[in-house]
Every structure is written in structure tokens, then in C-alpha cells.
file final-v5.csv (CSV, C-alpha atoms)
chain,number,residue,atom,x,y,z
A,102,MET,CA,0.0,0.0,0.0
A,103,PRO,CA,1.5,3.3,-1.0
A,104,SER,CA,2.2,6.0,1.6
A,105,ILE,CA,0.1,9.1,1.8
A,106,ALA,CA,3.0,11.1,0.3
A,107,ALA,CA,3.0,8.8,-2.7
A,108,VAL,CA,-0.7,9.4,-3.5
A,109,PRO,CA,-1.5,12.6,-5.4
A,110,SER,CA,-3.7,14.8,-3.2
A,111,ARG,CA,-7.1,15.8,-4.5
A,112,THR,CA,-6.0,19.4,-4.4
A,113,GLY,CA,-3.0,18.6,-6.5
A,114,VAL,CA,-5.0,16.8,-9.1
A,115,LEU,CA,-7.5,19.6,-9.3
A,116,ALA,CA,-4.8,22.1,-9.7
A,117,HIS,CA,-3.3,20.2,-12.6
A,118,VAL,CA,-6.7,19.8,-14.3
A,119,ARG,CA,-7.4,23.5,-13.7
A,120,ALA,CA,-4.1,24.5,-15.2
A,121,VAL,CA,-4.7,22.5,-18.4
A,122,ALA,CA,-8.3,23.8,-18.6
A,123,VAL,CA,-7.1,27.4,-18.3
A,124,ALA,CA,-4.3,26.8,-21.0
A,125,LEU,CA,-6.9,25.4,-23.4
A,126,ALA,CA,-9.3,28.2,-22.7
A,127,ILE,CA,-6.5,30.7,-23.6
A,128,VAL,CA,-6.0,28.9,-26.9
A,129,VAL,CA,-9.7,28.8,-27.6
A,130,ALA,CA,-10.0,32.5,-26.8
A,131,GLY,CA,-7.2,33.2,-29.3
A,132,LEU,CA,-8.9,31.1,-32.0
A,133,ALA,CA,-12.2,32.8,-31.3
A,134,LEU,CA,-10.8,36.3,-31.5
A,135,GLY,CA,-8.9,35.3,-34.7
A,136,VAL,CA,-12.2,34.2,-36.3
A,137,VAL,CA,-13.9,37.5,-35.3
A,138,LEU,CA,-11.0,39.6,-36.7
A,139,THR,CA,-10.9,37.4,-39.9
A,140,ILE,CA,-14.6,38.0,-40.5
A,141,ALA,CA,-14.1,41.7,-39.9
A,142,ALA,CA,-11.3,41.7,-42.5
A,143,PHE,CA,-13.4,39.9,-45.1
A,144,VAL,CA,-16.5,42.0,-44.8
A,145,PRO,CA,-15.2,45.2,-46.5
A,146,LEU,CA,-13.6,43.0,-49.3
A,147,LEU,CA,-16.9,41.3,-50.0
A,148,ALA,CA,-18.7,44.7,-49.8
A,149,LEU,CA,-16.4,46.0,-52.5
A,150,GLY,CA,-17.2,43.1,-54.7
A,151,ILE,CA,-13.6,41.8,-54.9
A,152,PRO,CA,-13.6,38.4,-56.5
A,153,LEU,CA,-11.9,36.5,-53.8
A,154,ALA,CA,-12.7,33.1,-55.4
A,155,GLU,CA,-10.3,34.0,-58.1
A,156,GLU,CA,-7.5,34.9,-55.7
A,157,PRO,CA,-7.0,32.0,-53.3
A,158,SER,CA,-3.6,33.3,-52.2
A,159,VAL,CA,-5.2,36.6,-51.2
A,160,VAL,CA,-7.9,34.7,-49.2
A,161,LEU,CA,-5.2,32.7,-47.4
A,162,LEU,CA,-3.2,35.8,-46.4
A,163,VAL,CA,-6.3,37.8,-45.4
A,164,ALA,CA,-7.3,34.9,-43.2
A,165,LEU,CA,-3.8,34.4,-41.7
A,166,ILE,CA,-3.0,37.9,-40.6
A,167,PRO,CA,-6.0,38.6,-38.3
A,168,SER,CA,-5.9,35.1,-36.9
A,169,GLN,CA,-2.3,35.6,-35.8
A,170,LEU,CA,-3.2,39.0,-34.5
A,171,GLY,CA,-5.9,37.4,-32.4
A,172,PHE,CA,-3.3,35.0,-30.9
A,173,ALA,CA,-1.0,38.0,-30.1
A,174,ILE,CA,-3.8,40.0,-28.4
A,175,VAL,CA,-5.1,37.1,-26.3
A,176,GLY,CA,-1.5,36.0,-25.5
A,177,VAL,CA,-0.6,39.4,-24.1
A,178,LEU,CA,-3.9,39.9,-22.2
A,179,ALA,CA,-3.7,36.4,-20.7
A,180,ALA,CA,0.0,36.9,-19.6
A,181,VAL,CA,-0.8,40.3,-18.1
A,182,THR,CA,-3.9,39.0,-16.3
A,183,LEU,CA,-2.8,35.5,-15.1
A,184,LEU,CA,1.0,36.0,-14.9
A,185,ASP,CA,3.5,38.8,-14.4
A,186,GLY,CA,3.4,39.7,-18.1
A,187,VAL,CA,5.6,38.5,-20.9
A,188,PRO,CA,9.4,39.1,-20.4
A,189,ILE,CA,10.6,41.1,-23.4
A,190,ARG,CA,14.0,42.7,-23.7
A,191,VAL,CA,16.7,43.4,-26.4
A,192,PRO,CA,18.5,40.1,-27.0
A,193,THR,CA,21.9,39.8,-25.3
A,194,ARG,CA,24.9,37.9,-26.8
A,195,ARG,CA,23.8,34.9,-24.7
A,196,ASP,CA,20.3,35.2,-26.1
A,197,LEU,CA,21.6,35.2,-29.7
A,198,THR,CA,23.6,32.1,-28.9
A,199,TRP,CA,20.3,30.4,-27.9
A,200,VAL,CA,18.7,31.6,-31.2
A,201,VAL,CA,21.4,29.8,-33.1
A,202,ALA,CA,21.1,26.7,-30.9
A,203,GLY,CA,17.3,26.8,-31.3
A,204,LEU,CA,17.5,26.9,-35.1
A,205,GLY,CA,20.0,24.1,-35.0
A,206,GLY,CA,17.7,22.0,-32.7
A,207,SER,CA,14.6,22.8,-34.8
A,208,PHE,CA,16.2,21.7,-38.1
A,209,ALA,CA,17.8,18.7,-36.4
A,210,ALA,CA,14.3,17.6,-35.3
A,211,VAL,CA,13.0,18.0,-38.9
A,212,ALA,CA,16.0,16.0,-40.3
A,213,GLY,CA,15.6,13.3,-37.7
A,214,LEU,CA,11.9,12.8,-38.5
A,215,LEU,CA,12.5,12.8,-42.2
A,216,VAL,CA,15.1,10.1,-41.8
A,217,ALA,CA,12.8,8.1,-39.5
A,218,SER,CA,9.9,8.4,-41.9
A,219,THR,CA,12.1,7.2,-44.8
A,220,VAL,CA,13.2,4.2,-42.8
A,221,VAL,CA,9.7,3.1,-42.1
A,222,ASP,CA,8.5,4.1,-45.6
A,223,LEU,CA,6.2,6.8,-44.2
A,224,SER,CA,6.1,9.8,-46.5
A,225,PRO,CA,5.4,13.1,-44.7
A,226,LEU,CA,2.3,15.1,-45.8
A,227,ARG,CA,2.6,18.4,-47.7
A,228,SER,CA,1.3,21.5,-46.0
A,229,VAL,CA,-1.5,23.7,-47.4
A,230,PHE,CA,0.9,26.6,-47.5
A,231,GLY,CA,3.6,24.7,-49.4
A,232,THR,CA,1.1,23.4,-52.0
A,233,SER,CA,-0.5,26.9,-52.4
A,234,GLY,CA,3.0,28.4,-52.6
A,235,THR,CA,4.0,26.1,-55.4
A,236,ALA,CA,1.1,27.4,-57.4
A,237,ASP,CA,1.9,31.0,-56.6
A,238,PRO,CA,5.5,31.6,-55.6
A,239,ARG,CA,4.7,35.1,-54.4
A,240,LEU,CA,2.7,33.6,-51.6
A,241,LEU,CA,5.9,31.9,-50.3
A,242,VAL,CA,7.7,35.2,-50.1
A,243,ALA,CA,4.7,36.8,-48.4
A,244,LEU,CA,4.5,33.9,-45.9
A,245,ALA,CA,8.2,34.2,-45.1
A,246,LEU,CA,7.8,37.9,-44.3
A,247,LEU,CA,4.7,37.3,-42.4
A,248,SER,CA,6.5,34.6,-40.4
A,249,ILE,CA,8.9,37.2,-39.2
A,250,PHE,CA,6.5,40.1,-38.5
A,251,VAL,CA,3.1,38.3,-37.7
A,252,ILE,CA,3.1,34.5,-37.4
A,253,ALA,CA,6.0,34.0,-35.0
A,254,PRO,CA,5.2,36.9,-32.7
A,255,GLY,CA,1.5,35.9,-32.5
A,256,GLU,CA,2.1,32.2,-31.9
A,257,GLU,CA,4.9,32.6,-29.4
A,258,LEU,CA,3.1,35.2,-27.4
A,259,LEU,CA,0.2,32.8,-27.1
A,260,PHE,CA,1.8,29.4,-26.8
A,261,ARG,CA,5.0,30.2,-25.0
A,262,GLY,CA,4.2,33.5,-23.3
A,263,ALA,CA,0.7,32.7,-22.0
A,264,VAL,CA,0.1,29.0,-22.3
A,265,GLN,CA,3.5,27.7,-21.2
A,266,GLY,CA,3.8,30.4,-18.6
A,267,ARG,CA,0.5,29.4,-17.0
A,268,LEU,CA,1.3,25.7,-17.1
A,269,ARG,CA,4.8,26.3,-15.6
A,270,ALA,CA,3.3,27.4,-12.3
A,271,THR,CA,1.7,24.0,-11.9
A,272,PHE,CA,3.7,21.5,-13.9
A,273,GLY,CA,7.2,23.0,-13.7
A,274,PRO,CA,9.3,23.9,-16.8
A,275,VAL,CA,9.6,20.4,-18.3
A,276,GLY,CA,5.9,19.6,-18.0
A,277,ALA,CA,4.9,23.0,-19.2
A,278,ILE,CA,7.1,22.7,-22.3
A,279,ALA,CA,5.7,19.2,-23.1
A,280,LEU,CA,2.1,20.2,-22.7
A,281,ALA,CA,2.4,23.6,-24.5
A,282,SER,CA,4.2,21.8,-27.4
A,283,ALA,CA,1.5,19.2,-27.6
A,284,ILE,CA,-1.2,21.8,-27.8
A,285,PHE,CA,0.8,23.8,-30.3
A,286,ALA,CA,1.3,20.8,-32.6
A,287,SER,CA,-2.3,19.6,-32.4
A,288,LEU,CA,-3.6,23.0,-33.5
A,289,HIS,CA,-1.7,22.6,-36.8
A,290,VAL,CA,-3.4,19.3,-37.7
A,291,PHE,CA,-5.6,20.9,-40.4
A,292,ASN,CA,-2.5,22.5,-42.1
A,293,PHE,CA,-1.7,19.3,-43.9
A,294,ILE,CA,-3.2,17.7,-47.0
A,295,GLY,CA,-4.3,14.1,-46.4
A,296,GLY,CA,-4.7,12.5,-43.1
A,297,GLY,CA,-4.7,9.3,-41.1
A,298,VAL,CA,-1.4,7.9,-39.8
A,299,LEU,CA,0.6,10.1,-42.2
A,300,VAL,CA,-0.1,13.2,-40.1
A,301,VAL,CA,2.0,11.7,-37.3
A,302,VAL,CA,5.2,12.8,-39.1
A,303,PRO,CA,4.5,16.6,-39.4
A,304,LEU,CA,2.8,16.8,-36.0
A,305,THR,CA,5.7,15.0,-34.3
A,306,THR,CA,8.0,17.5,-36.0
A,307,LEU,CA,5.9,20.4,-34.8
A,308,PHE,CA,5.9,19.0,-31.3
A,309,LEU,CA,9.7,18.7,-31.3
A,310,VAL,CA,10.1,22.2,-32.7
A,311,GLY,CA,7.7,23.5,-30.1
A,312,ALA,CA,9.7,21.8,-27.4
A,313,VAL,CA,12.9,23.5,-28.8
A,314,LEU,CA,11.1,26.9,-28.7
A,315,GLY,CA,9.8,26.2,-25.2
A,316,THR,CA,13.3,25.3,-24.0
A,317,VAL,CA,15.0,28.4,-25.4
A,318,TYR,CA,12.3,30.5,-23.7
A,319,GLU,CA,12.9,28.8,-20.4
A,320,ARG,CA,16.6,29.1,-20.7
A,321,THR,CA,16.6,32.8,-21.6
A,322,GLY,CA,13.5,34.2,-20.0
A,323,ASN,CA,13.0,36.4,-23.0
A,324,ILE,CA,10.1,35.9,-25.4
A,325,VAL,CA,12.1,37.6,-28.2
A,326,VAL,CA,14.3,34.6,-28.4
A,327,PRO,CA,11.7,31.9,-29.4
A,328,ILE,CA,10.1,34.5,-31.6
A,329,ALA,CA,13.4,34.9,-33.5
A,330,VAL,CA,13.9,31.2,-33.7
A,331,HIS,CA,10.3,30.6,-34.9
A,332,ALA,CA,10.5,33.4,-37.5
A,333,LEU,CA,13.9,32.3,-39.0
A,334,TYR,CA,12.8,28.6,-39.0
A,335,ASN,CA,9.6,29.3,-40.9
A,336,ALA,CA,11.2,31.8,-43.2
A,337,THR,CA,13.9,29.3,-44.1
A,338,LEU,CA,11.4,26.6,-44.9
A,339,PHE,CA,9.3,28.9,-47.1
A,340,PHE,CA,12.4,30.3,-49.0
A,341,SER,CA,13.7,26.7,-49.4
A,342,THR,CA,10.4,25.7,-50.9
A,343,LEU,CA,10.6,28.6,-53.2
A,344,ALA,CA,14.1,27.8,-54.3
A,345,ALA,CA,13.2,24.1,-54.9
A,346,GLY,CA,10.5,25.3,-57.3
call {"tool": "encode", "arguments": {"input": "final-v5.csv", "output": "C-alpha cells"}}
result
Amino acid sequence: MPSIAAVPSRTGVLAHVRAVAVALAIVVAGLALGVVLTIAAFVPLLALGIPLAEEPSVVLLVALIPSQLGFAIVGVLAAVTLLDGVPIRVPTRRDLTWVVAGLGGSFAAVAGLLVASTVVDLSPLRSVFGTSGTADPRLLVALALLSIFVIAPGEELLFRGAVQGRLRATFGPVGAIALASAIFASLHVFNFIGGGVLVVVPLTTLFLVGAVLGTVYERTGNIVVPIAVHALYNATLFFSTLAAG
């Protein structure tokens, strides 16, 4: 029979459940605000009679920008309300070292998963953005720039600044990184064409990349660092896709 100390207390279990529930609520709020802002962005375009059906790339970009803005707004509000805010400062030389390490870790995760998927004969799925960018190369350039100025800041403020920050108080750094990375990866499930077991490869990659981003955030205490890693990682992928034609 286990000792009392070995049995999780009810308060402890409830605290863990509450922390996960709050983290998920933050993400849902970010998604909801993103939907509202996206609708607000499309209304004037439709009112002007712009033929959006003929410009799928424009539709993708118009939907992407407000959704990421929703992430950023909710991330900042949640961090200010539930935590002590989001630590932001000009990167130091040590921070820049972690940016390089984070990029290396992110691409190492991608390379490892590609090798593993080849060994087991499991081809990774193509993303919606990559497929659209192949049809319209200008979209890849736009996505690379948006990764730097919109996507990376929005997602990092939400997932690392708010979600990981809230989970850290209950689960500690390691648990917070793992849970935040799992939520981060799962939210991208609809970004890939196809489905079934094949989606395991890109989602596992995103989980590992999220873990790298979470680690550099914990090691530096500066949200600018994971934003920089995320931005450079995405931009490199988009420009590589463009170069590959």
C-alpha cells in the first residue's frame, strides 16, 4: 500500500486539471478572436465586390493575418492577467547564442523525423501553405515575411508567453514545455493535406520544434528569443520551398 505522500492529493490533481483547462481556454479565446477579426477583415472586401474566389492566395493571407493578431492579443492579455506579463528585452549575446542553438535544434528535429519516416517508408504530408506556394511563388515570399512580423510573434506570445507560462506554475518547466508543445502541434493538424497515420510525421516534427522553442524560452526568460527562432525557422522553410521550385 503506497504511503500518503506517494498518493496525489485531490487538491494537486484539481490544480493540474485547472491549469490544463485554463491553458486550453486561452487557446480557444485566441482562436475565437482570430475568427472575429478574420470575418471583420473579409466584410469590406466582399462589400467592395472583390472576386476572392479568383485569388486563393489573397484569401489565405487575409485569413492568416487577423488570426495571428488574435493570438497575439489574447496571449498578451492572458499573460498580463494571469502572470506577471511577458518578459521582453533586447537580446543579449547569450540570447543570440540560444537563437542559433534553437535553429539548429529545430532543423535537427526535422532532419531526424525525415530520416525516420524514410526508414519506415512513411512519406510526410505536404502543408496547405507549401502546396499553395508552389502554385503561386509570391505567396511563399509573403509567408516568409509574415512569419517574421506576424506569425512568429503571434504564436509565441500565445503558446510560450501565455500557455507555457500558465502551465509552468503547476507542472514546472519540463511539464509546461511538453504540454504547450502538444497543444501547439495539435492546432496545426488541419494545415496538412491528407490524413490518417501520415499526419503523425508533421505533428511530431511540430511537437519537437515546439519543445525547442519552449526550451530556449525557459533558458533565456526572453520571449524575443523563441520569436526569433520561430521566425527564422519558418522563413527558411518557405524560402527553401521557393528555391526548390
call {"tool": "residues_around", "arguments": {"input": "final-v5.csv", "residues": "Val275 of chain A", "least_positions_apart": "5", "cutoff": "10 Å", "atoms": "all atoms listed in the file", "output": "list of chain:residue names"}}
result
A:Gln265, A:Leu268, A:Arg269, A:Leu280, A:Ala312, A:Gly315, A:Thr316, A:Glu319
call {"tool": "closest_residue", "arguments": {"input": "final-v5.csv", "among": "A:Ile249, A:Ile174, A:Ile189, A:Leu244", "to": "Leu134 of chain A", "atoms": "all atoms listed in the file"}}
result
A:Ile174
call {"tool": "residues_around", "arguments": {"input": "final-v5.csv", "residues": "Ala130 of chain A", "least_positions_apart": "5", "cutoff": "9 Å", "atoms": "all atoms listed in the file", "output": "ChimeraX atom specification"}}
result
/A:125,135,171-172,175
call {"tool": "residues_around", "arguments": {"input": "final-v5.csv", "residues": "Thr305 of chain A", "least_positions_apart": "6", "cutoff": "10 Å", "atoms": "all atoms listed in the file", "output": "list in words"}}
result
Ala210, Val211, Leu214, Ser282, Ala283, Ala286, Ser287 and Gly311 of chain A
call {"tool": "axis_aligned_box", "arguments": {"input": "final-v5.csv", "around": "segment 337-346 of chain A", "padding_each_side": "5 Å", "output": "lines of an AutoDock Vina configuration file"}}
result
center_x = 11.7
center_y = 27.2
center_z = -50.7
size_x = 14.8
size_y = 16.2
size_z = 23.2
